[in-house]
Structures are given as structure tokens and as C-alpha cells.
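One file, run.cif, is given below (mmCIF, C-alpha atoms).
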data_structure
#
loop_
_atom_site.group_PDB
_atom_site.id
_atom_site.type_symbol
_atom_site.label_atom_id
_atom_site.label_comp_id
_atom_site.auth_asym_id
_atom_site.auth_seq_id
_atom_site.Cartn_x
_atom_site.Cartn_y
_atom_site.Cartn_z
ATOM 1 C CA MET A 5 -137.661 6.033 -21.316
ATOM 2 C CA HIS A 6 -138.747 3.221 -23.588
ATOM 3 C CA PRO A 7 -135.903 1.958 -25.839
ATOM 4 C CA TRP A 8 -137.971 2.674 -28.964
ATOM 5 C CA ALA A 9 -138.410 6.298 -27.846
ATOM 6 C CA ARG A 10 -134.669 6.614 -27.158
ATOM 7 C CA ARG A 11 -133.980 5.462 -30.701
ATOM 8 C CA LEU A 12 -136.542 7.918 -32.095
ATOM 9 C CA ARG A 13 -134.911 10.734 -30.156
ATOM 10 C CA HIS A 14 -131.464 9.763 -31.418
ATOM 11 C CA ASP A 15 -132.341 9.041 -35.058
ATOM 12 C CA ILE A 16 -134.807 11.841 -35.795
ATOM 13 C CA VAL A 17 -135.575 14.301 -33.010
ATOM 14 C CA LYS A 18 -132.062 15.405 -32.083
ATOM 15 C CA ARG A 19 -131.051 15.864 -35.689
ATOM 16 C CA ALA A 20 -134.212 17.743 -36.624
ATOM 17 C CA VAL A 21 -134.066 20.224 -33.755
ATOM 18 C CA TRP A 22 -130.331 20.701 -33.278
ATOM 19 C CA ALA A 23 -129.893 23.522 -35.777
ATOM 20 C CA ALA A 24 -133.267 25.041 -34.848
ATOM 21 C CA ARG A 25 -132.129 25.375 -31.237
ATOM 22 C CA ASP A 26 -128.890 27.020 -32.298
ATOM 23 C CA LEU A 27 -130.593 29.409 -34.708
ATOM 24 C CA ARG A 28 -133.695 30.378 -32.726
ATOM 25 C CA SER A 29 -132.077 33.538 -31.384
ATOM 26 C CA LEU A 30 -130.645 34.592 -34.752
ATOM 27 C CA GLU A 31 -131.232 38.249 -35.460
ATOM 28 C CA GLY A 32 -131.548 39.458 -39.000
ATOM 29 C CA PRO A 33 -131.978 37.428 -42.145
ATOM 30 C CA PRO A 34 -130.612 33.895 -42.190
ATOM 31 C CA ALA A 35 -127.492 33.092 -44.155
ATOM 32 C CA PRO A 36 -127.663 30.350 -46.793
ATOM 33 C CA ALA A 37 -125.712 28.120 -44.384
ATOM 34 C CA ASP A 38 -128.421 28.600 -41.745
ATOM 35 C CA VAL A 39 -131.138 27.526 -44.170
ATOM 36 C CA ALA A 40 -129.032 24.548 -45.249
ATOM 37 C CA ALA A 41 -128.553 23.501 -41.618
ATOM 38 C CA LEU A 42 -132.311 23.389 -41.053
ATOM 39 C CA ARG A 43 -132.808 21.352 -44.225
ATOM 40 C CA ARG A 44 -130.100 18.872 -43.266
ATOM 41 C CA GLY A 45 -131.930 18.128 -40.025
ATOM 42 C CA LEU A 46 -134.839 16.667 -41.995
ATOM 43 C CA TYR A 47 -133.330 15.573 -45.282
ATOM 44 C CA ASP A 48 -129.761 14.468 -44.626
ATOM 45 C CA LEU A 49 -130.160 11.619 -42.173
ATOM 46 C CA ARG A 50 -128.986 8.017 -42.157
ATOM 47 C CA ASP A 51 -130.919 4.842 -41.500
ATOM 48 C CA GLU A 52 -129.703 1.991 -39.319
ATOM 49 C CA GLU A 53 -127.558 0.646 -42.181
ATOM 50 C CA GLY A 54 -126.036 4.061 -42.880
ATOM 51 C CA ALA A 55 -127.984 4.660 -46.093
ATOM 52 C CA PRO A 56 -129.294 8.178 -46.830
ATOM 53 C CA ALA A 57 -132.765 8.817 -45.421
ATOM 54 C CA THR A 58 -135.161 11.612 -44.595
ATOM 55 C CA ALA A 59 -136.866 12.201 -41.280
ATOM 56 C CA ARG A 60 -140.144 11.292 -42.984
ATOM 57 C CA SER A 61 -138.867 7.937 -44.277
ATOM 58 C CA LEU A 62 -137.236 7.056 -40.950
ATOM 59 C CA TRP A 63 -140.439 7.934 -39.111
ATOM 60 C CA GLU A 64 -142.526 5.719 -41.386
ATOM 61 C CA ARG A 65 -140.301 2.755 -40.520
ATOM 62 C CA MET A 66 -140.156 3.592 -36.829
ATOM 63 C CA ARG A 67 -143.882 4.173 -36.507
ATOM 64 C CA ALA A 68 -144.523 0.686 -37.858
ATOM 65 C CA GLU A 69 -142.343 -0.618 -35.004
ATOM 66 C CA ALA A 70 -143.963 1.465 -32.246
ATOM 67 C CA PRO A 71 -144.473 -0.571 -29.082
ATOM 68 C CA CYS A 72 -148.138 0.466 -28.814
ATOM 69 C CA ASN A 73 -150.688 2.614 -30.569
ATOM 70 C CA THR A 74 -151.271 5.955 -28.903
ATOM 71 C CA PRO A 75 -152.760 9.255 -30.130
ATOM 72 C CA GLU A 76 -149.381 10.893 -29.554
ATOM 73 C CA LEU A 77 -148.032 8.953 -32.547
ATOM 74 C CA ASP A 78 -150.411 10.932 -34.764
ATOM 75 C CA ASP A 79 -149.436 14.171 -33.032
ATOM 76 C CA PHE A 80 -145.772 13.462 -33.712
ATOM 77 C CA SER A 81 -146.561 12.643 -37.357
ATOM 78 C CA LYS A 82 -148.393 15.949 -37.753
ATOM 79 C CA ALA A 83 -145.535 17.898 -36.191
ATOM 80 C CA LEU A 84 -143.053 16.227 -38.498
ATOM 81 C CA GLU A 85 -145.183 17.046 -41.548
ATOM 82 C CA ARG A 86 -145.567 20.687 -40.449
ATOM 83 C CA ALA A 87 -141.799 20.897 -40.080
ATOM 84 C CA HIS A 88 -141.251 19.449 -43.545
ATOM 85 C CA LYS A 89 -143.661 21.967 -45.064
ATOM 86 C CA ALA A 90 -142.039 24.858 -43.213
ATOM 87 C CA VAL A 91 -138.522 23.801 -44.177
ATOM 88 C CA ASP A 92 -139.601 23.261 -47.797
ATOM 89 C CA ALA A 93 -140.786 26.903 -47.856
ATOM 90 C CA LEU A 94 -137.360 28.235 -46.879
ATOM 91 C CA PRO A 95 -135.703 30.690 -47.147
ATOM 92 C CA GLY A 96 -138.992 32.512 -46.541
ATOM 93 C CA GLY A 97 -140.617 31.880 -43.189
ATOM 94 C CA PHE A 98 -137.369 31.162 -41.379
ATOM 95 C CA GLY A 99 -138.872 31.873 -37.950
ATOM 96 C CA GLU A 100 -141.865 29.648 -38.685
ATOM 97 C CA ALA A 101 -139.529 26.842 -39.726
ATOM 98 C CA ILE A 102 -137.619 27.164 -36.456
ATOM 99 C CA LEU A 103 -140.855 26.956 -34.462
ATOM 100 C CA ALA A 104 -142.111 23.990 -36.476
ATOM 101 C CA LEU A 105 -138.870 22.119 -35.923
ATOM 102 C CA LEU A 106 -138.922 22.825 -32.197
ATOM 103 C CA GLN A 107 -142.472 21.463 -32.048
ATOM 104 C CA ILE A 108 -141.066 18.073 -33.043
ATOM 105 C CA GLU A 109 -139.265 17.948 -29.715
ATOM 106 C CA GLU A 110 -142.386 18.911 -27.769
ATOM 107 C CA ARG A 111 -144.477 16.250 -29.511
ATOM 108 C CA PHE A 112 -141.698 13.740 -28.893
ATOM 109 C CA GLU A 113 -141.728 14.457 -25.167
ATOM 110 C CA GLU A 114 -145.485 13.893 -25.068
ATOM 111 C CA LEU A 115 -145.089 10.669 -27.046
ATOM 112 C CA ALA A 116 -142.329 9.393 -24.763
ATOM 113 C CA ARG A 117 -144.452 10.102 -21.680
ATOM 114 C CA SER A 118 -147.424 8.297 -23.195
ATOM 115 C CA LEU A 119 -145.283 5.241 -23.909
ATOM 116 C CA ASP A 120 -144.003 5.248 -20.356
ATOM 117 C CA ARG A 121 -147.598 5.197 -19.099
ATOM 118 C CA GLN A 122 -148.620 2.391 -21.484
ATOM 119 C CA THR A 123 -145.682 0.036 -21.089
#
Kindly present the structure from the file in C-alpha cells form.
Amino acid sequence: MHPWARRLRHDIVKRAVWAARDLRSLEGPPAPADVAALRRGLYDLRDEEGAPATARSLWERMRAEAPCNTPELDDFSKALERAHKAVDALPGGFGEAILALLQIEERFEELARSLDRQT
């Protein structure tokens, strides 16, 4: 895997999908802590200097440093935006938010494969 993609996975993808993976089989309404966990995955991140950052702001910086331009970059951007919109709508649409967050990982995998083919 390209080093840039490894950093993307570490800095954004893992944090965004971690809680979604844990909560995808939740039955019944989510607790406030569950909603907060999903929000933290997008809004309570740290940049390379340890300063507070969002997934969106980290992605903007990382995208500018992408090793090559590929359509999968746009696909990842769209997935990240869908996840932000879904998480912003919480606590309603909890299941949709989970699915949107998990899509980030799928788009990441496609992006990582495309970088492997290009570099």
C-alpha cells in the first residue's frame, strides 16, 4: 500500500469507521453515547501536530498531497461528505449514518487499489 494511503487510513478512515463497525449490529434506539461516538469519528480528530481537526479538514490537506490524480479521490470525497451529512442529522437516521460511515472504508479501499495501479 502506498505510504500516503496508509496515512489516510490511519488519520481518517480508521477513526471514522471504528464506532460505526462496533455499532452496526445495535438493536433498538441508540444511546446518546453511541451518537457521540459516531460524531467523534468525524469531528474529534487530530492533525499531524496534534491540533484539533475534522475529517473534512484533514482530507482537504491530504488530498492536496495525493501522489496522483485519480477518479477515486473524488469518490472518497463524496463518501466523506455523505458521512458528514448523515452524522450531522443524528440522532435521527442512525442506521443511515452507520452505512455512510462504512462507505468511507469501501471508497478508501478502491482509492488505495487505484494508487497501487498508478504508482
Expanded to explicit residues, what is the PyMOL selection byres ((chain A and resi 73-87) around 7) for this file, as a PDB file with C-alpha atoms, keeping the file's coordinate frame?
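Result file follows (part.pdb):
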ATOM      1  CA  CYS A  72    -148.138   0.466 -28.814  1.00  0.00           C
ATOM      2  CA  HIS A  88    -141.251  19.449 -43.545  1.00  0.00           C
ATOM      3  CA  LYS A  89    -143.661  21.967 -45.064  1.00  0.00           C
ATOM      4  CA  ALA A  90    -142.039  24.858 -43.213  1.00  0.00           C
ATOM      5  CA  VAL A  91    -138.522  23.801 -44.177  1.00  0.00           C
ATOM      6  CA  ALA A 101    -139.529  26.842 -39.726  1.00  0.00           C
ATOM      7  CA  ALA A 104    -142.111  23.990 -36.476  1.00  0.00           C
ATOM      8  CA  LEU A 105    -138.870  22.119 -35.923  1.00  0.00           C
ATOM      9  CA  GLN A 107    -142.472  21.463 -32.048  1.00  0.00           C
ATOM     10  CA  ILE A 108    -141.066  18.073 -33.043  1.00  0.00           C
ATOM     11  CA  ARG A 111    -144.477  16.250 -29.511  1.00  0.00           C
ATOM     12  CA  PHE A 112    -141.698  13.740 -28.893  1.00  0.00           C
ATOM     13  CA  GLU A 114    -145.485  13.893 -25.068  1.00  0.00           C
ATOM     14  CA  LEU A 115    -145.089  10.669 -27.046  1.00  0.00           C
TER      15      LEU A 115
END
Long-range neighbours of region 54-70 of chain A as a VMD selection string, 7 Å cut-off, all atoms listed in the file, 5 positions minimum in chain: chain A and resid 8 16 46 to 49
Shell around Asp38 (chain A) at 9 Å using only C-alpha atoms, local window under 4 positions removed, as an MDAnalysis selection string: chainID A and resid 23 27 34 42:43
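Note that the spacing between CA of Gln122 (chain A) and CA of Gly45 (chain A) amounts to 29.5 Å.
Distance annotation: of A:Glu52, A:Glu110, A:Pro71, A:Leu30, the residue with the minimal separation from Lys18 (chain A) is A:Glu110; atom set is all atoms listed in the file.
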Residues returned when the PyMOL selection byres ((chain A and resi 95) around 10) runs on this file, as a PyMOL selection string: chain A and resi 33-36+38-40+90-94+96-99+101
